[in-house]
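As provided, query-v5.tsv (TSV, C-alpha atoms) reads as follows.
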```tsv
chain	number	residue	atom	x	y	z
L	266	MET	CA	-57.43	54.45	-22.15
L	267	ASN	CA	-53.74	55.20	-22.04
L	268	SER	CA	-53.86	58.21	-19.75
L	269	VAL	CA	-51.73	58.18	-16.62
L	270	GLY	CA	-53.79	57.94	-13.45
L	271	MET	CA	-52.91	60.27	-10.59
L	272	GLY	CA	-50.43	58.62	-8.27
L	273	GLN	CA	-49.82	55.84	-10.78
L	274	ARG	CA	-46.54	55.24	-12.56
L	275	PRO	CA	-46.51	55.07	-16.36
L	276	GLN	CA	-47.04	51.49	-17.54
L	277	ASN	CA	-45.89	51.83	-21.15
L	278	ARG	CA	-43.97	54.10	-23.46
L	279	ARG	CA	-47.01	56.11	-24.50
L	280	GLN	CA	-47.86	56.92	-20.90
L	281	GLN	CA	-44.24	57.92	-20.30
L	282	VAL	CA	-44.43	60.32	-23.26
L	283	VAL	CA	-47.70	61.80	-21.92
L	284	LYS	CA	-46.18	62.39	-18.50
L	285	PHE	CA	-43.01	63.84	-20.06
L	286	LEU	CA	-45.06	66.29	-22.10
L	287	TRP	CA	-47.17	67.24	-19.08
L	288	VAL	CA	-44.05	68.08	-17.09
L	289	GLY	CA	-42.22	69.59	-20.05
L	290	ILE	CA	-44.98	72.02	-21.06
L	291	TRP	CA	-43.95	74.28	-18.18
L	292	LEU	CA	-40.52	74.64	-19.74
L	293	ALA	CA	-42.07	77.26	-22.04
L	294	TYR	CA	-41.29	79.79	-19.32
L	295	LEU	CA	-37.60	79.24	-20.07
L	296	SER	CA	-38.06	81.33	-23.19
L	297	ALA	CA	-36.41	84.30	-21.43
L	298	PRO	CA	-33.06	82.52	-20.86
L	299	VAL	CA	-33.21	81.09	-24.38
L	300	ARG	CA	-33.75	84.55	-25.89
L	301	ASP	CA	-30.88	85.85	-23.79
L	302	LEU	CA	-28.56	83.20	-25.21
L	303	LEU	CA	-29.71	83.87	-28.75
L	304	HIS	CA	-29.90	87.65	-28.70
L	305	GLY	CA	-28.17	88.78	-25.50
L	306	GLY	CA	-24.91	89.74	-27.13
L	307	HIS	CA	-22.79	87.30	-25.15
L	308	SER	CA	-19.51	85.98	-26.47
L	309	ASP	CA	-19.43	82.56	-28.12
L	310	GLY	CA	-17.74	80.97	-25.13
L	311	VAL	CA	-20.34	82.36	-22.73
L	312	VAL	CA	-23.17	81.22	-25.01
L	313	ILE	CA	-21.78	77.67	-25.14
L	314	LEU	CA	-21.37	77.55	-21.37
L	315	GLY	CA	-24.88	79.02	-21.01
L	316	TRP	CA	-26.42	76.30	-23.17
L	317	ILE	CA	-24.54	73.65	-21.22
L	318	GLY	CA	-25.71	75.15	-17.93
L	319	LEU	CA	-29.33	75.39	-19.11
L	320	ALA	CA	-29.29	71.80	-20.39
L	321	ALA	CA	-27.86	70.59	-17.08
L	322	PHE	CA	-30.53	72.51	-15.15
L	323	VAL	CA	-33.36	71.11	-17.26
L	324	PHE	CA	-32.00	67.56	-16.97
L	325	TRP	CA	-31.69	67.82	-13.19
L	326	TYR	CA	-35.16	69.38	-12.92
L	327	PHE	CA	-36.75	66.59	-14.96
L	328	THR	CA	-34.94	63.92	-12.96
L	329	LEU	CA	-36.16	65.40	-9.70
L	330	VAL	CA	-39.79	66.08	-10.67
L	331	VAL	CA	-40.44	62.91	-12.70
L	332	ARG	CA	-39.08	60.67	-9.96
L	333	ALA	CA	-40.91	62.54	-7.19
L	334	GLY	CA	-42.67	60.19	-4.76
L	335	ARG	CA	-40.70	57.04	-5.68
L	336	GLY	CA	-39.32	56.55	-2.20
L	337	GLU	CA	-36.02	58.44	-2.42
L	338	ARG	CA	-34.66	59.56	0.92
L	339	ASN	CA	-35.33	63.17	1.85
L	340	GLY	CA	-31.61	63.83	2.12
L	341	VAL	CA	-31.09	62.90	-1.52
L	342	VAL	CA	-33.99	65.13	-2.61
L	343	LEU	CA	-32.73	68.04	-0.52
L	344	GLY	CA	-29.32	67.64	-2.12
L	345	SER	CA	-30.90	67.68	-5.59
L	346	VAL	CA	-32.86	70.85	-4.75
L	347	ALA	CA	-29.64	72.42	-3.49
L	348	VAL	CA	-27.93	71.56	-6.80
L	349	LEU	CA	-30.77	73.23	-8.73
L	350	ALA	CA	-30.56	76.31	-6.50
L	351	ALA	CA	-26.79	76.50	-6.98
L	352	GLN	CA	-27.15	76.22	-10.77
L	353	SER	CA	-29.79	78.97	-10.74
L	354	THR	CA	-27.58	81.25	-8.68
L	355	VAL	CA	-24.49	80.77	-10.85
L	356	LEU	CA	-26.40	81.26	-14.11
L	357	SER	CA	-28.29	84.32	-12.81
L	358	LEU	CA	-25.22	86.07	-11.45
L	359	THR	CA	-23.14	85.41	-14.56
L	360	LEU	CA	-25.70	85.81	-17.36
L	361	GLY	CA	-28.20	88.34	-16.03
L	362	ARG	CA	-31.74	88.94	-14.80
L	363	GLU	CA	-33.45	86.78	-17.46
L	364	TRP	CA	-32.11	83.73	-15.64
L	365	LEU	CA	-33.88	84.53	-12.37
L	366	VAL	CA	-36.86	82.55	-13.67
L	367	LEU	CA	-34.94	79.37	-12.84
L	368	TYR	CA	-35.75	79.92	-9.16
L	369	VAL	CA	-39.43	79.38	-9.93
L	370	TYR	CA	-38.57	75.90	-11.17
L	371	VAL	CA	-36.51	75.25	-8.05
L	372	ALA	CA	-39.47	76.19	-5.83
L	373	ILE	CA	-41.85	74.00	-7.85
L	374	ALA	CA	-39.46	71.04	-7.78
L	375	SER	CA	-39.08	71.51	-4.03
L	376	GLY	CA	-42.85	71.41	-3.49
L	377	ALA	CA	-43.27	68.41	-5.78
L	378	ALA	CA	-40.45	66.27	-4.43
L	379	LEU	CA	-40.36	67.02	-0.71
L	380	PRO	CA	-42.93	66.32	2.02
L	381	PHE	CA	-44.75	69.39	3.30
L	382	ARG	CA	-42.88	69.44	6.62
L	383	LEU	CA	-39.69	70.17	4.63
L	384	ALA	CA	-41.17	72.03	1.66
L	385	ARG	CA	-42.71	74.66	3.95
L	386	TRP	CA	-39.14	75.72	4.76
L	387	THR	CA	-37.38	75.13	1.44
L	388	ILE	CA	-39.90	77.09	-0.68
L	389	PRO	CA	-39.52	80.30	1.37
L	390	ALA	CA	-35.77	79.73	1.40
L	391	VAL	CA	-35.69	79.53	-2.41
L	392	SER	CA	-37.84	82.68	-2.59
L	393	ALA	CA	-35.42	84.47	-0.25
L	394	LEU	CA	-32.51	83.34	-2.41
L	395	LEU	CA	-34.37	84.66	-5.46
L	396	THR	CA	-34.82	88.01	-3.74
L	397	GLY	CA	-31.16	88.24	-2.74
L	398	CYS	CA	-29.96	87.33	-6.20
L	399	ALA	CA	-32.35	89.85	-7.81
L	400	LEU	CA	-30.83	92.59	-5.65
L	401	LEU	CA	-27.34	91.68	-6.86
L	402	VAL	CA	-28.13	91.27	-10.58
L	403	PRO	CA	-28.25	94.54	-12.56
L	404	ASP	CA	-31.89	95.65	-12.95
L	405	GLY	CA	-32.98	92.37	-11.32
L	406	THR	CA	-35.55	94.04	-9.07
L	407	SER	CA	-37.70	94.77	-12.12
L	408	PHE	CA	-38.20	91.01	-12.50
L	409	LEU	CA	-38.60	90.32	-8.79
L	410	THR	CA	-42.31	91.10	-8.49
L	411	GLY	CA	-43.21	88.95	-11.49
L	412	LEU	CA	-41.20	85.95	-10.21
L	413	LEU	CA	-41.53	85.98	-6.42
L	414	PHE	CA	-45.30	85.36	-6.36
L	415	PRO	CA	-45.18	82.50	-8.93
L	416	ALA	CA	-42.35	80.88	-6.96
L	417	LEU	CA	-44.31	80.91	-3.70
L	418	LEU	CA	-47.65	80.04	-5.27
L	419	GLY	CA	-46.26	77.35	-7.56
L	420	GLY	CA	-44.19	75.74	-4.82
L	421	PHE	CA	-46.98	75.52	-2.28
L	422	SER	CA	-49.46	74.44	-4.97
L	423	MET	CA	-47.21	71.52	-5.77
L	424	THR	CA	-47.23	70.46	-2.12
L	425	GLY	CA	-51.02	70.18	-2.39
L	426	VAL	CA	-50.70	68.18	-5.62
L	427	ARG	CA	-48.16	65.90	-3.95
L	428	GLU	CA	-50.50	65.24	-1.02
L	429	LEU	CA	-53.35	64.58	-3.43
L	430	ILE	CA	-51.22	62.08	-5.35
L	431	ARG	CA	-50.18	60.40	-2.09
L	432	THR	CA	-53.79	60.15	-0.92
L	433	THR	CA	-54.90	58.78	-4.29
L	434	THR	CA	-52.14	56.19	-4.19
L	435	GLU	CA	-53.14	55.12	-0.68
L	436	LEU	CA	-56.79	54.86	-1.74
L	437	ARG	CA	-55.82	52.74	-4.73
L	438	GLU	CA	-53.74	50.46	-2.49
L	439	ALA	CA	-56.58	50.28	0.05
L	440	ARG	CA	-59.01	49.35	-2.73
L	441	ALA	CA	-56.67	46.60	-3.88
L	442	THR	CA	-56.37	45.35	-0.30
L	443	VAL	CA	-60.16	45.28	0.10
L	444	ALA	CA	-60.45	43.35	-3.16
L	445	ARG	CA	-57.89	40.80	-1.95
L	446	LEU	CA	-59.67	40.42	1.39
L	447	ALA	CA	-63.00	39.96	-0.36
L	448	ALA	CA	-61.49	37.31	-2.61
L	449	ASN	CA	-59.98	35.53	0.41
L	450	GLU	CA	-63.31	35.66	2.24
L	451	GLU	CA	-65.08	34.19	-0.78
L	452	ARG	CA	-62.50	31.40	-0.97
L	453	LEU	CA	-63.03	30.65	2.72
L	454	ARG	CA	-66.80	30.61	2.24
L	455	LEU	CA	-66.50	28.25	-0.69
L	456	ALA	CA	-64.08	26.00	1.23
L	457	ARG	CA	-66.50	25.81	4.18
L	458	ASP	CA	-69.47	25.10	1.94
L	459	LEU	CA	-67.69	22.39	-0.04
L	460	HIS	CA	-66.35	20.76	3.12
L	461	ASP	CA	-69.78	20.64	4.74
L	462	LEU	CA	-71.63	19.65	1.58
L	463	LEU	CA	-69.28	16.98	0.27
L	464	GLY	CA	-68.36	15.58	3.69
L	465	HIS	CA	-71.98	14.79	4.47
L	466	SER	CA	-72.92	13.56	1.00
L	467	LEU	CA	-69.81	11.43	0.45
L	468	SER	CA	-70.20	9.84	3.88
L	469	LEU	CA	-73.78	8.88	3.04
L	470	ILE	CA	-72.74	7.55	-0.37
L	471	THR	CA	-70.00	5.45	1.25
L	472	LEU	CA	-72.41	3.98	3.79
L	473	LYS	CA	-75.04	3.10	1.21
L	474	SER	CA	-72.40	1.63	-1.08
L	475	GLU	CA	-71.26	-0.68	1.73
L	476	LEU	CA	-74.87	-1.63	2.43
L	477	ALA	CA	-75.50	-2.35	-1.24
L	478	GLY	CA	-72.38	-4.51	-1.38
L	479	ARG	CA	-73.50	-6.58	1.59
L	480	MET	CA	-77.07	-6.93	0.27
L	481	LEU	CA	-76.13	-7.72	-3.32
L	482	PRO	CA	-75.72	-11.52	-3.10
L	483	GLY	CA	-78.89	-12.33	-1.17
L	484	HIS	CA	-81.13	-9.28	-1.53
L	485	PRO	CA	-80.68	-7.73	-4.97
L	486	GLU	CA	-83.91	-5.73	-4.69
L	487	LYS	CA	-82.76	-4.02	-1.49
L	488	ALA	CA	-79.32	-3.48	-3.02
L	489	ALA	CA	-80.97	-1.85	-6.02
L	490	GLN	CA	-82.85	0.48	-3.67
L	491	GLN	CA	-79.58	1.48	-2.02
L	492	VAL	CA	-78.04	2.15	-5.44
L	493	ALA	CA	-81.05	4.32	-6.33
L	494	ASP	CA	-80.54	6.22	-3.06
L	495	ILE	CA	-76.87	6.68	-3.95
L	496	GLU	CA	-77.87	8.14	-7.31
L	497	GLN	CA	-80.30	10.53	-5.64
L	498	VAL	CA	-77.74	11.67	-3.06
L	499	SER	CA	-75.13	12.14	-5.79
L	500	ARG	CA	-77.46	14.26	-7.88
L	501	GLN	CA	-78.41	16.37	-4.87
L	502	ALA	CA	-74.74	16.79	-3.95
L	503	LEU	CA	-74.03	18.03	-7.47
L	504	VAL	CA	-76.89	20.53	-7.20
L	505	ASP	CA	-75.63	21.69	-3.80
L	506	VAL	CA	-72.06	22.13	-5.01
L	507	ARG	CA	-73.21	24.19	-7.98
L	508	ALA	CA	-75.34	26.31	-5.65
L	509	ALA	CA	-72.41	26.75	-3.25
L	510	VAL	CA	-70.14	27.88	-6.07
L	511	ALA	CA	-72.80	30.36	-7.16
L	512	GLY	CA	-73.13	31.61	-3.59
L	513	TYR	CA	-76.79	30.73	-3.17
L	514	ARG	CA	-76.60	27.60	-1.00
L	515	LYS	CA	-78.57	28.21	2.21
L	516	PRO	CA	-79.63	24.96	3.88
L	517	ARG	CA	-82.82	24.77	5.91
L	518	LEU	CA	-83.30	23.00	9.22
L	519	LEU	CA	-86.28	20.97	7.99
L	520	GLU	CA	-84.24	19.63	5.07
L	521	GLU	CA	-81.23	18.88	7.27
L	522	LEU	CA	-83.36	17.08	9.86
L	523	ALA	CA	-84.75	14.83	7.14
L	524	GLY	CA	-81.27	14.25	5.74
L	525	ALA	CA	-79.92	13.51	9.23
L	526	ARG	CA	-82.56	10.82	9.74
L	527	VAL	CA	-81.62	9.15	6.44
L	528	ALA	CA	-77.87	9.28	7.16
L	529	LEU	CA	-78.18	7.96	10.73
L	530	THR	CA	-80.55	5.19	9.74
L	531	ALA	CA	-78.26	4.12	6.89
L	532	ALA	CA	-75.36	3.93	9.36
L	533	GLY	CA	-77.39	1.73	11.71
L	534	ILE	CA	-77.63	4.43	14.36
L	535	THR	CA	-80.86	4.94	16.27
L	536	ALA	CA	-81.97	8.51	15.60
L	537	GLU	CA	-83.99	10.57	18.06
L	538	LEU	CA	-84.96	13.71	16.21
L	539	PRO	CA	-87.45	16.47	17.03
L	540	ALA	CA	-90.72	16.83	15.18
L	541	GLU	CA	-91.19	19.74	12.79
L	542	PRO	CA	-89.46	22.64	14.59
L	543	ASP	CA	-91.02	26.02	15.33
L	544	LEU	CA	-88.94	28.55	13.37
L	545	ASP	CA	-91.13	31.61	13.85
L	546	GLY	CA	-88.99	34.68	14.32
L	547	VAL	CA	-85.73	32.87	13.50
L	548	PRO	CA	-83.61	34.97	11.14
L	549	GLU	CA	-82.45	33.34	7.93
L	550	ASP	CA	-78.79	33.65	8.94
L	551	SER	CA	-79.46	31.90	12.24
L	552	GLU	CA	-81.39	29.05	10.62
L	553	THR	CA	-78.69	28.60	7.98
L	554	ALA	CA	-75.92	28.49	10.58
L	555	LEU	CA	-77.81	25.94	12.69
L	556	ALA	CA	-78.57	23.85	9.61
L	557	TRP	CA	-74.85	23.71	8.79
L	558	ALA	CA	-74.14	22.79	12.41
L	559	LEU	CA	-76.63	19.90	12.27
L	560	ARG	CA	-75.15	18.65	9.01
L	561	GLU	CA	-71.58	18.74	10.33
L	562	ALA	CA	-72.53	17.14	13.65
L	563	VAL	CA	-74.42	14.26	12.02
L	564	THR	CA	-71.58	13.74	9.54
L	565	ASN	CA	-69.10	13.42	12.42
L	566	VAL	CA	-71.40	11.00	14.24
L	567	VAL	CA	-71.73	8.80	11.16
L	568	ARG	CA	-68.05	8.88	10.20
L	569	HIS	CA	-66.16	8.96	13.47
L	570	SER	CA	-68.18	8.19	16.57
L	571	GLY	CA	-68.98	4.49	16.39
L	572	ALA	CA	-72.21	5.42	18.18
L	573	ARG	CA	-75.37	3.35	18.43
L	574	ARG	CA	-77.69	6.22	19.33
L	575	CYS	CA	-77.84	9.92	18.39
L	576	THR	CA	-80.17	12.48	19.92
L	577	VAL	CA	-80.97	15.83	18.37
L	578	GLU	CA	-82.81	18.55	20.32
L	579	LEU	CA	-83.94	21.97	19.16
L	580	LEU	CA	-85.05	24.35	21.92
L	581	ARG	CA	-85.64	28.03	22.51
L	582	ARG	CA	-83.82	29.47	25.50
L	583	ARG	CA	-84.02	32.91	27.04
L	584	THR	CA	-80.64	34.23	28.15
L	585	LEU	CA	-79.15	37.53	29.23
L	586	ASP	CA	-78.24	38.11	25.59
L	587	GLY	CA	-81.83	37.56	24.45
L	588	LEU	CA	-83.81	34.69	23.03
L	589	LEU	CA	-81.70	31.96	21.40
L	590	LEU	CA	-82.48	28.87	19.37
L	591	GLU	CA	-80.31	26.03	20.66
L	592	LEU	CA	-79.38	22.93	18.70
L	593	ALA	CA	-77.92	20.02	20.70
L	594	VAL	CA	-76.56	16.86	19.05
L	595	GLU	CA	-75.38	14.10	21.42
L	596	ASP	CA	-74.20	10.59	20.67
L	597	ASP	CA	-73.08	7.64	22.82
L	598	GLY	CA	-69.98	6.88	20.79
L	599	SER	CA	-66.30	6.95	21.72
L	600	GLY	CA	-64.95	8.98	18.81
L	601	GLY	CA	-64.56	12.76	18.59
L	602	PRO	CA	-65.06	15.17	15.72
L	603	ARG	CA	-61.78	14.23	14.05
L	604	GLY	CA	-61.93	10.51	14.43
L	605	GLY	CA	-59.40	10.18	17.26
L	606	PRO	CA	-60.35	8.93	20.66
L	607	GLY	CA	-62.20	11.53	22.44
L	608	GLY	CA	-61.72	13.89	19.59
L	609	GLY	CA	-58.06	14.40	20.35
L	610	GLY	CA	-55.94	16.61	18.18
L	611	GLY	CA	-58.05	19.73	18.44
L	612	PRO	CA	-60.97	20.88	16.34
L	613	GLY	CA	-61.01	19.99	12.67
L	614	ASN	CA	-61.87	22.11	9.66
L	615	GLY	CA	-65.57	21.37	10.10
L	616	LEU	CA	-65.86	22.68	13.66
L	617	THR	CA	-63.66	25.64	12.82
L	618	GLY	CA	-65.92	26.50	9.89
L	619	LEU	CA	-69.01	26.11	12.09
L	620	THR	CA	-67.57	28.47	14.68
L	621	GLU	CA	-67.00	31.08	11.97
L	622	ARG	CA	-70.52	30.65	10.58
L	623	LEU	CA	-72.19	30.94	13.97
L	624	THR	CA	-70.05	33.91	14.94
L	625	GLN	CA	-71.12	35.71	11.79
L	626	ALA	CA	-74.77	34.99	12.69
L	627	GLY	CA	-74.25	36.25	16.26
L	628	GLY	CA	-74.25	32.75	17.77
L	629	THR	CA	-71.88	30.41	19.61
L	630	LEU	CA	-70.64	26.83	19.38
L	631	GLU	CA	-69.70	24.39	22.13
L	632	ALA	CA	-68.34	20.91	21.41
L	633	GLY	CA	-66.68	18.31	23.63
L	634	ARG	CA	-66.93	15.07	25.48
L	635	ALA	CA	-70.18	14.38	27.33
L	636	ARG	CA	-70.86	11.80	30.01
L	637	ASN	CA	-71.91	9.12	27.53
L	638	GLY	CA	-70.32	10.30	24.30
L	639	PHE	CA	-69.84	13.53	22.40
L	640	LEU	CA	-72.01	16.65	22.61
L	641	LEU	CA	-72.27	19.58	20.21
L	642	ILE	CA	-74.34	22.64	21.13
L	643	ALA	CA	-74.94	25.46	18.65
L	644	ARG	CA	-76.84	28.60	19.56
L	645	ALA	CA	-78.11	31.37	17.29
L	646	PRO	CA	-80.23	34.45	18.08
L	647	VAL	CA	-83.97	34.69	17.49
L	648	ALA	CA	-85.23	38.05	16.28
L	649	ALA	CA	-88.76	37.91	17.70
L	650	VAL	CA	-90.58	35.93	20.34
L	651	PRO	CA	-93.95	34.43	19.31
L	652	ALA	CA	-96.63	35.01	21.94
L	653	ASP	CA	-97.27	31.31	22.53
L	654	VAL	CA	-93.65	30.25	22.94
L	655	GLY	CA	-92.13	29.97	26.39
L	656	SER	CA	-88.49	29.84	27.26
L	657	GLY	CA	-86.65	26.62	27.79
L	658	ALA	CA	-85.19	25.46	31.04
```
Output the structure of this file as structure tokens.
Amino acid sequence: MNSVGMGQRPQNRRQQVVKFLWVGIWLAYLSAPVRDLLHGGHSDGVVILGWIGLAAFVFWYFTLVVRAGRGERNGVVLGSVAVLAAQSTVLSLTLGREWLVLYVYVAIASGAALPFRLARWTIPAVSALLTGCALLVPDGTSFLTGLLFPALLGGFSMTGVRELIRTTTELREARATVARLAANEERLRLARDLHDLLGHSLSLITLKSELAGRMLPGHPEKAAQQVADIEQVSRQALVDVRAAVAGYRKPRLLEELAGARVALTAAGITAELPAEPDLDGVPEDSETALAWALREAVTNVVRHSGARRCTVELLRRRTLDGLLLELAVEDDGSGGPRGGPGGGGGPGNGLTGLTERLTQAGGTLEAGRARNGFLLIARAPVAAVPADVGSGA
């Protein structure tokens, strides 16, 4: 399609020709001045000056209408309309009533090029000038009725077209902005997913590789088992990354609890994990957010804490905001979430991503130093309360 969209500038020569023809088709109403020049009985000098004046008027009209809405200052546009009105007046007074039709073009150009707050004054002013000139031109009043209404109607119609073009342009820009925001949001989602997925998996691979290296001289069978585990983790990481890229990766708490036990055990950290959790009434978004929180917390414990023990609790708590599922991960190490002592330096990308995930699910995140180490608490809402479940302390 090579048509020119409303409110959209021509993008190639063909579209420019289409727009030129669309604007130029209305020049057919200049047939009266043209006939006057050809058959009006004027002298050769007057005819030449008339053609020059008509050509100048048409050029100025095209320049004003075609460039309407391109950001020119209102003062410049008002000056251009004034030039058109002056040309119309001079040509009408010198050549006769047939030239009064030029005022219709002035009114239309005024409505097309000026905002309504100005056009509502300039269009009546042009119509008044048309009326005054018609009274001065011999037999001009006979043309007045047929020109005054088109001038008013055409001018104010063009103000509506201008507003429609402006609105269409704003909608097109808003649509482009929404598309950019959606693309940015998708990039952020993918960045969070890849950080959480690869951080956990690569940490586990590193740990098992170190274990395999230490076992290799004296315990080749155990080293081979660690290598097999590395292969399994690598394959799962590849599957998870592909799922994240496709947008379908939604971890589950049961899977993450099992993975946390493997990662902590491989790092030589005593793991205290809950039995199979009760997830009745927990929305999918809440479970997914808490699963990501568990993965990130365990990854930080393994990589940064230097802990010997890690405790994971999963409880339901009734609050003023409703029933929440609370995940608490506490270790007895000395490192924080970014590897510095006490977690100095502020939250890292992982905790920032977790905060965003939990906020989207309607939950909250707390993370900081505890009495014996580091504590992360993630909370997410529960949609329904099973009859046999009581609230936590």
If we count all atoms listed in the file and set the cut-off at 12 Å, which residues sit around range 414-426 of chain L, ignoring sequence neighbours fewer than 2 positions away in its own chain? Please answer as an MDAnalysis selection string.
chainID L and resid 271:272 291 294 330 333:334 365:396 408:412 428:433
Students should find that CA of Ile642 in chain L and CA of Leu592 in chain L are spaced 5.6 Å
At a cut-off of 12 Å, using only C-alpha atoms, what residues contact Ala493 in chain L? Leave out same-chain residues fewer than 5 positions from it and give the result as JSON, numbers by chain.
{"L": [470, 473, 474, 477, 486, 487, 488, 498, 499, 500]}
Near Ile495 in chain L, counting all atoms listed in the file, which residues have an atom at most 12 Å away, once you skip same-chain residues fewer than 6 positions from it, shown as a compact mmCIF listing (two decimals) with C-alpha atoms, in the coordinates of the input?
```
# COMPACT_ATOMS: atom_id res chain seq x y z
CA SER L 466 -72.92 13.56 1.00
CA LEU L 467 -69.81 11.43 0.45
CA SER L 468 -70.20 9.84 3.88
CA LEU L 469 -73.78 8.88 3.04
CA ILE L 470 -72.74 7.55 -0.37
CA THR L 471 -70.00 5.45 1.25
CA LEU L 472 -72.41 3.98 3.79
CA LYS L 473 -75.04 3.10 1.21
CA SER L 474 -72.40 1.63 -1.08
CA GLU L 475 -71.26 -0.68 1.73
CA LEU L 476 -74.87 -1.63 2.43
CA ALA L 477 -75.50 -2.35 -1.24
CA ALA L 488 -79.32 -3.48 -3.02
CA ALA L 489 -80.97 -1.85 -6.02
CA GLN L 501 -78.41 16.37 -4.87
CA ALA L 502 -74.74 16.79 -3.95
CA VAL L 527 -81.62 9.15 6.44
CA ALA L 528 -77.87 9.28 7.16
CA ALA L 531 -78.26 4.12 6.89
```
Could you name the residues that touch range 566-576 of chain L at 6 Å or less, counting only C-alpha atoms, but leaving out those on the same chain fewer than 4 positions away, as a list in words?
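Answer for this query is Ile534, Thr535, Ala536, Glu537, Val594, Glu595, Asp596, Asp597, Gly598, Ser599, Gly600 and Gly604 of chain L.
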I'd like the interatomic distance between CA of Ala525 in chain L and CA of Gly587 in chain L, to a tenth of an Å.
28.5 Å
Where does range 381-484 of chain L meet range 355-360 of chain L within 10 Å, residue by residue, with the nearest atom pair and distance in Å to one decimal for each, counting only C-alpha atoms, listed by chain and rising number, as JSON lines?
```
{"residue": "L:Leu395", "atom": "CA", "partner": "L:Ser357", "partner_atom": "CA", "distance": 9.5}
{"residue": "L:Cys398", "atom": "CA", "partner": "L:Leu358", "partner_atom": "CA", "distance": 7.2}
{"residue": "L:Ala399", "atom": "CA", "partner": "L:Ser357", "partner_atom": "CA", "distance": 8.5}
{"residue": "L:Leu401", "atom": "CA", "partner": "L:Leu358", "partner_atom": "CA", "distance": 7.6}
{"residue": "L:Val402", "atom": "CA", "partner": "L:Leu358", "partner_atom": "CA", "distance": 6.0}
{"residue": "L:Pro403", "atom": "CA", "partner": "L:Leu358", "partner_atom": "CA", "distance": 9.1}
{"residue": "L:Gly405", "atom": "CA", "partner": "L:Ser357", "partner_atom": "CA", "distance": 9.4}
```
Between CA of Leu588 in chain L and CA of Ser551 in chain L, what is the spacing in Å?
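Spanning CA of Ser551 in chain L to CA of Leu588 in chain L is a straight-line distance of 12.0 Å.
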Counting only C-alpha atoms, the option among L:Leu400, L:Leu436, L:Val563, L:Ala554 closest to Gly627 in chain L
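Of L:Leu400, L:Leu436, L:Val563, L:Ala554, the one nearest Gly627 in chain L is L:Ala554, counting only C-alpha atoms.
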Nearest to Leu503 in chain L: which of L:Leu459, L:Ala648, L:Glu520, L:Asp309 is it, counting only C-alpha atoms?
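Smallest distance to Leu503 in chain L is found for L:Leu459.
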Mind checking which residues fall within 7 Å of Glu521 in chain L, counting all atoms listed in the file, ignoring those fewer than 3 positions away in the same chain, and posting them as a PyMOL selection string?
chain L and resi 517-518+524-525+556+559-560
Selected residue, from L:Leu446, L:Ala593, L:Ala558, L:Val323, that lies nearest to Ser353 in chain L when counting only C-alpha atoms:
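The closest residue to Ser353 in chain L is L:Val323.
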Please return range 541-549 of chain L, rebuilt to N, CA, C and O atoms, as a CSV table (one decimal), keeping the file's coordinate frame.
```csv
chain,number,residue,atom,x,y,z
L,541,GLU,N,-91.4,18.5,13.6
L,541,GLU,CA,-91.2,19.7,12.8
L,541,GLU,C,-91.0,20.9,13.7
L,541,GLU,O,-91.8,21.2,14.6
L,542,PRO,N,-89.8,21.6,13.6
L,542,PRO,CA,-89.5,22.6,14.6
L,542,PRO,C,-90.2,23.9,14.3
L,542,PRO,O,-90.7,24.2,13.2
L,543,ASP,N,-90.4,24.7,15.4
L,543,ASP,CA,-91.0,26.0,15.3
L,543,ASP,C,-89.9,27.0,15.0
L,543,ASP,O,-89.1,27.3,15.9
L,544,LEU,N,-90.0,27.6,13.8
L,544,LEU,CA,-88.9,28.6,13.4
L,544,LEU,C,-89.5,30.0,13.2
L,544,LEU,O,-88.8,30.8,12.6
L,545,ASP,N,-90.6,30.3,13.9
L,545,ASP,CA,-91.1,31.6,13.8
L,545,ASP,C,-90.1,32.6,14.5
L,545,ASP,O,-89.7,32.4,15.6
L,546,GLY,N,-89.9,33.7,13.8
L,546,GLY,CA,-89.0,34.7,14.3
L,546,GLY,C,-87.5,34.4,14.2
L,546,GLY,O,-86.7,35.2,14.7
L,547,VAL,N,-87.1,33.2,13.6
L,547,VAL,CA,-85.7,32.9,13.5
L,547,VAL,C,-85.2,33.5,12.2
L,547,VAL,O,-85.7,33.2,11.1
L,548,PRO,N,-84.2,34.4,12.3
L,548,PRO,CA,-83.6,35.0,11.1
L,548,PRO,C,-83.0,33.9,10.2
L,548,PRO,O,-82.6,32.8,10.6
L,549,GLU,N,-83.0,34.3,8.9
L,549,GLU,CA,-82.4,33.3,7.9
L,549,GLU,C,-81.0,33.0,8.2
L,549,GLU,O,-80.6,31.8,8.1
```
